[in-house]
file protein.cif (mmCIF, C-alpha atoms)
data_structure
loop_
_atom_site.label_atom_id
_atom_site.label_comp_id
_atom_site.auth_asym_id
_atom_site.auth_seq_id
_atom_site.Cartn_x
_atom_site.Cartn_y
_atom_site.Cartn_z
CA ALA A 1 -27.74 6.92 -14.07
CA TYR A 2 -24.09 6.18 -14.87
CA ASN A 3 -24.52 7.22 -18.51
CA CYS A 4 -26.08 10.55 -17.49
CA LEU A 5 -23.19 11.28 -15.14
CA GLU A 6 -20.67 10.24 -17.78
CA THR A 7 -22.29 12.58 -20.31
CA ALA A 8 -22.23 15.44 -17.81
CA PHE A 9 -18.60 14.68 -17.02
CA TYR A 10 -17.58 14.83 -20.68
CA GLY A 11 -19.55 18.07 -21.09
CA TYR A 12 -17.66 19.67 -18.19
CA GLN A 13 -14.41 18.36 -19.59
CA ARG A 14 -15.07 19.88 -23.03
CA ALA A 15 -15.99 23.19 -21.41
CA ALA A 16 -12.77 23.05 -19.38
CA GLU A 17 -10.75 22.47 -22.56
CA ASP A 18 -12.46 25.44 -24.22
CA GLU A 19 -11.84 27.68 -21.19
CA ARG A 20 -8.22 26.60 -21.00
CA ALA A 21 -7.67 27.25 -24.72
CA ALA A 22 -9.27 30.70 -24.42
CA LEU A 23 -7.10 31.57 -21.41
CA ALA A 24 -3.97 30.34 -23.17
CA LYS A 25 -4.81 32.40 -26.25
CA ALA A 26 -5.51 35.52 -24.19
CA ASN A 27 -2.33 35.12 -22.13
CA GLY A 28 -0.16 33.88 -24.98
CA ASP A 29 0.74 30.85 -22.88
CA SER A 30 -0.04 27.27 -23.83
CA SER A 31 2.44 25.49 -21.61
CA GLY A 32 2.12 23.03 -18.81
CA ARG A 33 -0.30 22.59 -16.01
CA PRO A 34 -2.60 25.38 -14.86
CA SER A 35 -1.80 27.04 -11.55
CA SER A 36 -5.50 27.23 -10.72
CA GLY A 37 -8.45 25.35 -12.14
CA THR A 38 -11.30 26.94 -14.03
CA ILE A 39 -14.86 26.43 -12.82
CA SER A 40 -15.48 23.79 -15.50
CA THR A 41 -12.35 21.91 -14.47
CA ARG A 42 -13.40 21.94 -10.83
CA LEU A 43 -16.89 20.73 -11.73
CA ALA A 44 -15.50 17.90 -13.86
CA THR A 45 -13.16 16.89 -11.03
CA ARG A 46 -15.92 16.94 -8.43
CA LEU A 47 -18.24 14.93 -10.65
CA GLY A 48 -15.52 12.38 -11.34
CA LEU A 49 -14.78 11.96 -7.65
CA VAL A 50 -18.47 11.70 -6.76
CA LEU A 51 -18.93 9.11 -9.48
CA SER A 52 -15.98 7.06 -8.25
CA ALA A 53 -17.27 7.19 -4.67
CA ARG A 54 -20.75 5.89 -5.58
CA ARG A 55 -20.22 2.15 -5.41
CA GLU A 56 -23.67 1.29 -6.74
CA LEU A 57 -22.98 3.25 -9.94
CA CYS A 58 -19.47 2.06 -10.70
CA ALA A 59 -19.05 -1.32 -8.99
CA ASP A 60 -19.12 -3.22 -12.28
CA ARG A 61 -17.19 -0.57 -14.27
CA PRO A 62 -13.82 -0.04 -12.58
CA MET A 63 -11.88 0.36 -15.85
CA GLU A 64 -14.31 2.96 -17.22
CA VAL A 65 -14.23 4.99 -14.01
CA ALA A 66 -10.44 4.75 -13.84
CA ASP A 67 -10.12 5.99 -17.43
CA LEU A 68 -12.48 8.90 -16.70
CA LEU A 69 -10.49 9.98 -13.66
CA ALA A 70 -7.15 9.63 -15.43
CA SER A 71 -8.33 11.73 -18.38
CA ALA A 72 -9.65 14.44 -16.04
CA SER A 73 -6.25 14.72 -14.39
CA SER A 74 -4.72 16.36 -17.46
CA HIS A 75 -6.76 19.54 -16.90
CA GLU A 76 -6.16 19.86 -13.17
CA THR A 77 -3.57 21.57 -11.05
CA ALA A 78 -0.71 19.37 -9.81
CA LEU A 79 -2.44 18.54 -6.53
CA GLY A 80 -5.81 17.89 -8.16
CA ALA A 81 -4.16 15.72 -10.81
CA ALA A 82 -2.37 13.73 -8.12
CA VAL A 83 -5.61 12.99 -6.30
CA LEU A 84 -7.37 12.00 -9.53
CA LEU A 85 -4.48 9.76 -10.61
CA GLU A 86 -4.40 8.08 -7.21
CA GLN A 87 -8.15 7.45 -7.36
CA SER A 88 -7.89 6.11 -10.90
CA ALA A 89 -5.10 3.79 -9.74
CA SER A 90 -7.37 2.36 -7.05
CA HIS A 91 -10.01 1.60 -9.68
CA TYR A 92 -7.40 -0.06 -11.91
CA TYR A 93 -6.45 -2.17 -8.90
CA LYS A 94 -10.09 -3.21 -8.47
CA ALA A 95 -10.12 -4.17 -12.17
CA THR A 96 -7.02 -6.36 -11.57
CA ALA A 97 -4.91 -4.22 -13.92
CA ALA A 98 -1.76 -4.25 -11.79
CA ARG A 99 0.55 -2.50 -14.25
CA LYS A 100 -1.93 0.32 -14.85
CA TYR A 101 -2.36 0.61 -11.09
CA ALA A 102 1.39 0.90 -10.57
CA PHE A 103 1.87 3.35 -13.45
CA HIS A 104 -0.88 5.68 -12.25
CA MET A 105 0.42 5.51 -8.66
CA LEU A 106 3.87 6.44 -10.00
CA MET A 107 2.39 9.39 -11.90
CA ALA A 108 0.40 10.42 -8.82
CA GLY A 109 3.63 10.36 -6.84
CA HIS A 110 5.29 12.68 -9.35
CA MET A 111 2.29 15.04 -9.21
CA PHE A 112 2.25 15.02 -5.41
CA ARG A 113 5.96 15.81 -5.42
CA SER A 114 5.49 18.74 -7.80
CA ALA A 115 2.68 20.00 -5.54
CA GLY A 116 5.00 19.88 -2.52
CA GLN A 117 3.23 16.96 -0.84
CA GLU A 118 6.30 14.87 -0.03
CA SER A 119 4.75 12.26 2.26
CA HIS A 120 1.92 11.55 -0.19
CA ALA A 121 4.46 11.24 -3.00
CA PHE A 122 6.46 8.74 -0.97
CA ARG A 123 3.34 6.69 -0.25
CA CYS A 124 2.47 6.53 -3.95
CA PHE A 125 6.01 5.58 -5.00
CA ALA A 126 6.19 2.89 -2.33
CA SER A 127 2.81 1.47 -3.40
CA SER A 128 3.90 1.05 -7.00
CA LEU A 129 7.31 -0.40 -6.14
CA TYR A 130 5.78 -3.74 -5.22
CA VAL A 131 4.35 -4.34 -8.72
CA TYR A 132 7.60 -3.60 -10.56
CA ARG A 133 9.87 -5.79 -8.42
CA SER A 134 9.31 -8.97 -10.48
CA GLY A 135 12.36 -8.52 -12.72
CA ARG A 136 10.58 -7.97 -16.02
CA TRP A 137 10.48 -4.24 -15.37
CA ASP A 138 14.07 -3.53 -14.32
CA GLU A 139 14.23 0.00 -15.74
CA LEU A 140 10.98 1.06 -14.08
CA TYR A 141 11.98 -0.63 -10.84
CA ASN A 142 15.32 1.21 -10.83
CA HIS A 143 13.60 4.51 -11.70
CA LEU A 144 11.19 3.99 -8.85
CA ARG A 145 13.94 3.11 -6.38
CA SER A 146 15.84 6.29 -7.28
CA ALA A 147 12.64 8.37 -7.06
CA LEU A 148 11.95 6.89 -3.62
CA ALA A 149 15.54 7.54 -2.55
CA ALA A 150 15.33 11.16 -3.69
CA GLN A 151 12.01 11.49 -1.90
CA LEU A 152 13.44 10.12 1.32
CA TYR A 153 16.49 12.37 1.02
CA GLY A 154 14.22 15.39 0.58
CA MET A 155 12.31 14.35 3.67
CA GLY A 156 15.53 14.21 5.71
CA ARG A 157 15.68 10.43 5.97
CA MET A 158 19.26 9.98 4.78
CA SER A 159 19.93 6.39 5.96
CA ALA A 160 16.82 4.98 4.29
CA SER A 161 17.66 6.93 1.14
CA LEU A 162 21.16 5.45 0.99
CA LYS A 163 19.75 1.92 1.31
CA LEU A 164 17.64 2.47 -1.82
CA TYR A 165 20.56 3.94 -3.77
CA ALA A 166 22.77 0.95 -2.90
#
call {"tool": "encode", "arguments": {"input": "protein.cif", "output": "structure tokens"}}
result
Amino acid sequence: AYNCLETAFYGYQRAAEDERAALAKANGDSSGRPSSGTISTRLATRLGLVLSARRELCADRPMEVADLLASASSHETALGAAVLLEQSASHYYKATAARKYAFHMLMAGHMFRSAGQESHAFRCFASSLYVYRSGRWDELYNHLRSALAAQLYGMGRMSASLKLYA
């Protein structure tokens, strides 16, 4: 059953790429994220989320499901991509891939922020901060602290923001 769903997912994804290329050609625009998803993109997203929610289908394949969800996020709107990246991060966590979990949570936070979902962005940034605190990832840790500080500042929480900048 998993292979059938995976095949359908890739079929929807290819159709979404074709629709996106046709729209870009017609509009003369090939930049960035779409402002609204095509029907194929929405179907691929729904199928990916249904697949990830069915524990009996994906319990022994967390890495595969995480990769599927992460690849689907590139065709989605900012909010849809954020949800898919967050779900893929949870599957990376189940597969004990801590750095991939943290990276995808960080990317989900950026997508939530660009979609105007400040509290969800903060939650994602805070979740990934724990993984990068070990000292081997100083640049990422500092980036994450500044992203969290900016997020808190934007949410009107000045004192907490200053603590992270210090």
call {"tool": "axis_aligned_box", "arguments": {"input": "protein.cif", "around": "range 97-107 of chain A", "padding_each_side": "8 Å", "output": "AutoDock Vina command-line options"}}
result
--center_x -0.5 --center_y 2.6 --center_z -11.8 --size_x 24.8 --size_y 29.6 --size_z 22.2
call {"tool": "residues_around", "arguments": {"input": "protein.cif", "residues": "range 154-161 of chain A", "least_positions_apart": "2", "cutoff": "12 Å", "atoms": "only C-alpha atoms", "output": "number ranges by chain"}}
result
A: 113, 116-122, 145-152, 163-166
call {"tool": "residues_around", "arguments": {"input": "protein.cif", "residues": "range 100-107 of chain A", "least_positions_apart": "2", "cutoff": "8 Å", "atoms": "all atoms listed in the file", "output": "CSV table (one decimal) with C-alpha atoms, in the coordinates of the input"}}
result
chain,number,residue,atom,x,y,z
A,82,ALA,CA,-2.4,13.7,-8.1
A,85,LEU,CA,-4.5,9.8,-10.6
A,86,GLU,CA,-4.4,8.1,-7.2
A,88,SER,CA,-7.9,6.1,-10.9
A,89,ALA,CA,-5.1,3.8,-9.7
A,90,SER,CA,-7.4,2.4,-7.0
A,91,HIS,CA,-10.0,1.6,-9.7
A,92,TYR,CA,-7.4,-0.1,-11.9
A,93,TYR,CA,-6.4,-2.2,-8.9
A,97,ALA,CA,-4.9,-4.2,-13.9
A,98,ALA,CA,-1.8,-4.2,-11.8
A,109,GLY,CA,3.6,10.4,-6.8
A,110,HIS,CA,5.3,12.7,-9.4
A,111,MET,CA,2.3,15.0,-9.2
A,124,CYS,CA,2.5,6.5,-4.0
A,125,PHE,CA,6.0,5.6,-5.0
A,127,SER,CA,2.8,1.5,-3.4
A,128,SER,CA,3.9,1.0,-7.0
A,129,LEU,CA,7.3,-0.4,-6.1
A,131,VAL,CA,4.4,-4.3,-8.7
A,132,TYR,CA,7.6,-3.6,-10.6
A,144,LEU,CA,11.2,4.0,-8.8
call {"tool": "atom_distance", "arguments": {"input": "protein.cif", "atom1": "CA of Ser134 in chain A", "atom2": "CA of Pro62 in chain A"}}
result
24.9 Å
call {"tool": "atom_distance", "arguments": {"input": "protein.cif", "atom1": "CA of Ser114 in chain A", "atom2": "CA of Thr45 in chain A"}}
result
19.0 Å
call {"tool": "atom_distance", "arguments": {"input": "protein.cif", "atom1": "CA of Met63 in chain A", "atom2": "CA of Val83 in chain A"}}
result
17.0 Å
call {"tool": "residues_around", "arguments": {"input": "protein.cif", "residues": "range 65-69 of chain A", "least_positions_apart": "3", "cutoff": "12 Å", "atoms": "all atoms listed in the file", "output": "number ranges by chain"}}
result
A: 2-3, 5-10, 13, 44-55, 57-62, 72-76, 80-97, 100-101, 104, 108
call {"tool": "build_atoms", "arguments": {"input": "protein.cif", "residues": "range 96-107 of chain A", "atoms": "N, CA, C and O atoms", "output": "PDB file, keeping the file's coordinate frame"}}
result
ATOM      1  N   THR A  96      -8.169  -5.456 -11.476  1.00  0.00           N
ATOM      2  CA  THR A  96      -7.020  -6.360 -11.570  1.00  0.00           C
ATOM      3  C   THR A  96      -6.073  -5.999 -12.713  1.00  0.00           C
ATOM      4  O   THR A  96      -5.525  -6.862 -13.383  1.00  0.00           O
ATOM      5  N   ALA A  97      -5.876  -4.714 -12.940  1.00  0.00           N
ATOM      6  CA  ALA A  97      -4.910  -4.220 -13.920  1.00  0.00           C
ATOM      7  C   ALA A  97      -3.707  -3.684 -13.140  1.00  0.00           C
ATOM      8  O   ALA A  97      -3.568  -2.478 -12.930  1.00  0.00           O
ATOM      9  N   ALA A  98      -2.844  -4.594 -12.714  1.00  0.00           N
ATOM     10  CA  ALA A  98      -1.760  -4.250 -11.790  1.00  0.00           C
ATOM     11  C   ALA A  98      -0.778  -3.253 -12.390  1.00  0.00           C
ATOM     12  O   ALA A  98      -0.325  -2.334 -11.712  1.00  0.00           O
ATOM     13  N   ARG A  99      -0.419  -3.427 -13.660  1.00  0.00           N
ATOM     14  CA  ARG A  99       0.550  -2.500 -14.250  1.00  0.00           C
ATOM     15  C   ARG A  99      -0.019  -1.103 -14.402  1.00  0.00           C
ATOM     16  O   ARG A  99       0.674  -0.110 -14.188  1.00  0.00           O
ATOM     17  N   LYS A 100      -1.299  -1.001 -14.765  1.00  0.00           N
ATOM     18  CA  LYS A 100      -1.930   0.320 -14.850  1.00  0.00           C
ATOM     19  C   LYS A 100      -2.030   0.947 -13.468  1.00  0.00           C
ATOM     20  O   LYS A 100      -1.836   2.153 -13.309  1.00  0.00           O
ATOM     21  N   TYR A 101      -2.332   0.125 -12.461  1.00  0.00           N
ATOM     22  CA  TYR A 101      -2.360   0.610 -11.090  1.00  0.00           C
ATOM     23  C   TYR A 101      -1.004   1.214 -10.717  1.00  0.00           C
ATOM     24  O   TYR A 101      -0.924   2.345 -10.249  1.00  0.00           O
ATOM     25  N   ALA A 102       0.054   0.456 -10.962  1.00  0.00           N
ATOM     26  CA  ALA A 102       1.390   0.900 -10.570  1.00  0.00           C
ATOM     27  C   ALA A 102       1.807   2.147 -11.350  1.00  0.00           C
ATOM     28  O   ALA A 102       2.385   3.078 -10.779  1.00  0.00           O
ATOM     29  N   PHE A 103       1.503   2.189 -12.640  1.00  0.00           N
ATOM     30  CA  PHE A 103       1.870   3.350 -13.450  1.00  0.00           C
ATOM     31  C   PHE A 103       1.162   4.607 -12.962  1.00  0.00           C
ATOM     32  O   PHE A 103       1.783   5.663 -12.812  1.00  0.00           O
ATOM     33  N   HIS A 104      -0.127   4.500 -12.695  1.00  0.00           N
ATOM     34  CA  HIS A 104      -0.880   5.680 -12.250  1.00  0.00           C
ATOM     35  C   HIS A 104      -0.486   6.093 -10.825  1.00  0.00           C
ATOM     36  O   HIS A 104      -0.502   7.287 -10.512  1.00  0.00           O
ATOM     37  N   MET A 105      -0.099   5.142  -9.986  1.00  0.00           N
ATOM     38  CA  MET A 105       0.420   5.510  -8.660  1.00  0.00           C
ATOM     39  C   MET A 105       1.762   6.225  -8.807  1.00  0.00           C
ATOM     40  O   MET A 105       2.029   7.195  -8.094  1.00  0.00           O
ATOM     41  N   LEU A 106       2.592   5.773  -9.742  1.00  0.00           N
ATOM     42  CA  LEU A 106       3.870   6.440 -10.000  1.00  0.00           C
ATOM     43  C   LEU A 106       3.641   7.870 -10.484  1.00  0.00           C
ATOM     44  O   LEU A 106       4.270   8.822 -10.003  1.00  0.00           O
ATOM     45  N   MET A 107       2.703   8.045 -11.409  1.00  0.00           N
ATOM     46  CA  MET A 107       2.390   9.390 -11.900  1.00  0.00           C
ATOM     47  C   MET A 107       1.794  10.258 -10.796  1.00  0.00           C
ATOM     48  O   MET A 107       2.095  11.448 -10.706  1.00  0.00           O
TER      49      MET A 107
END
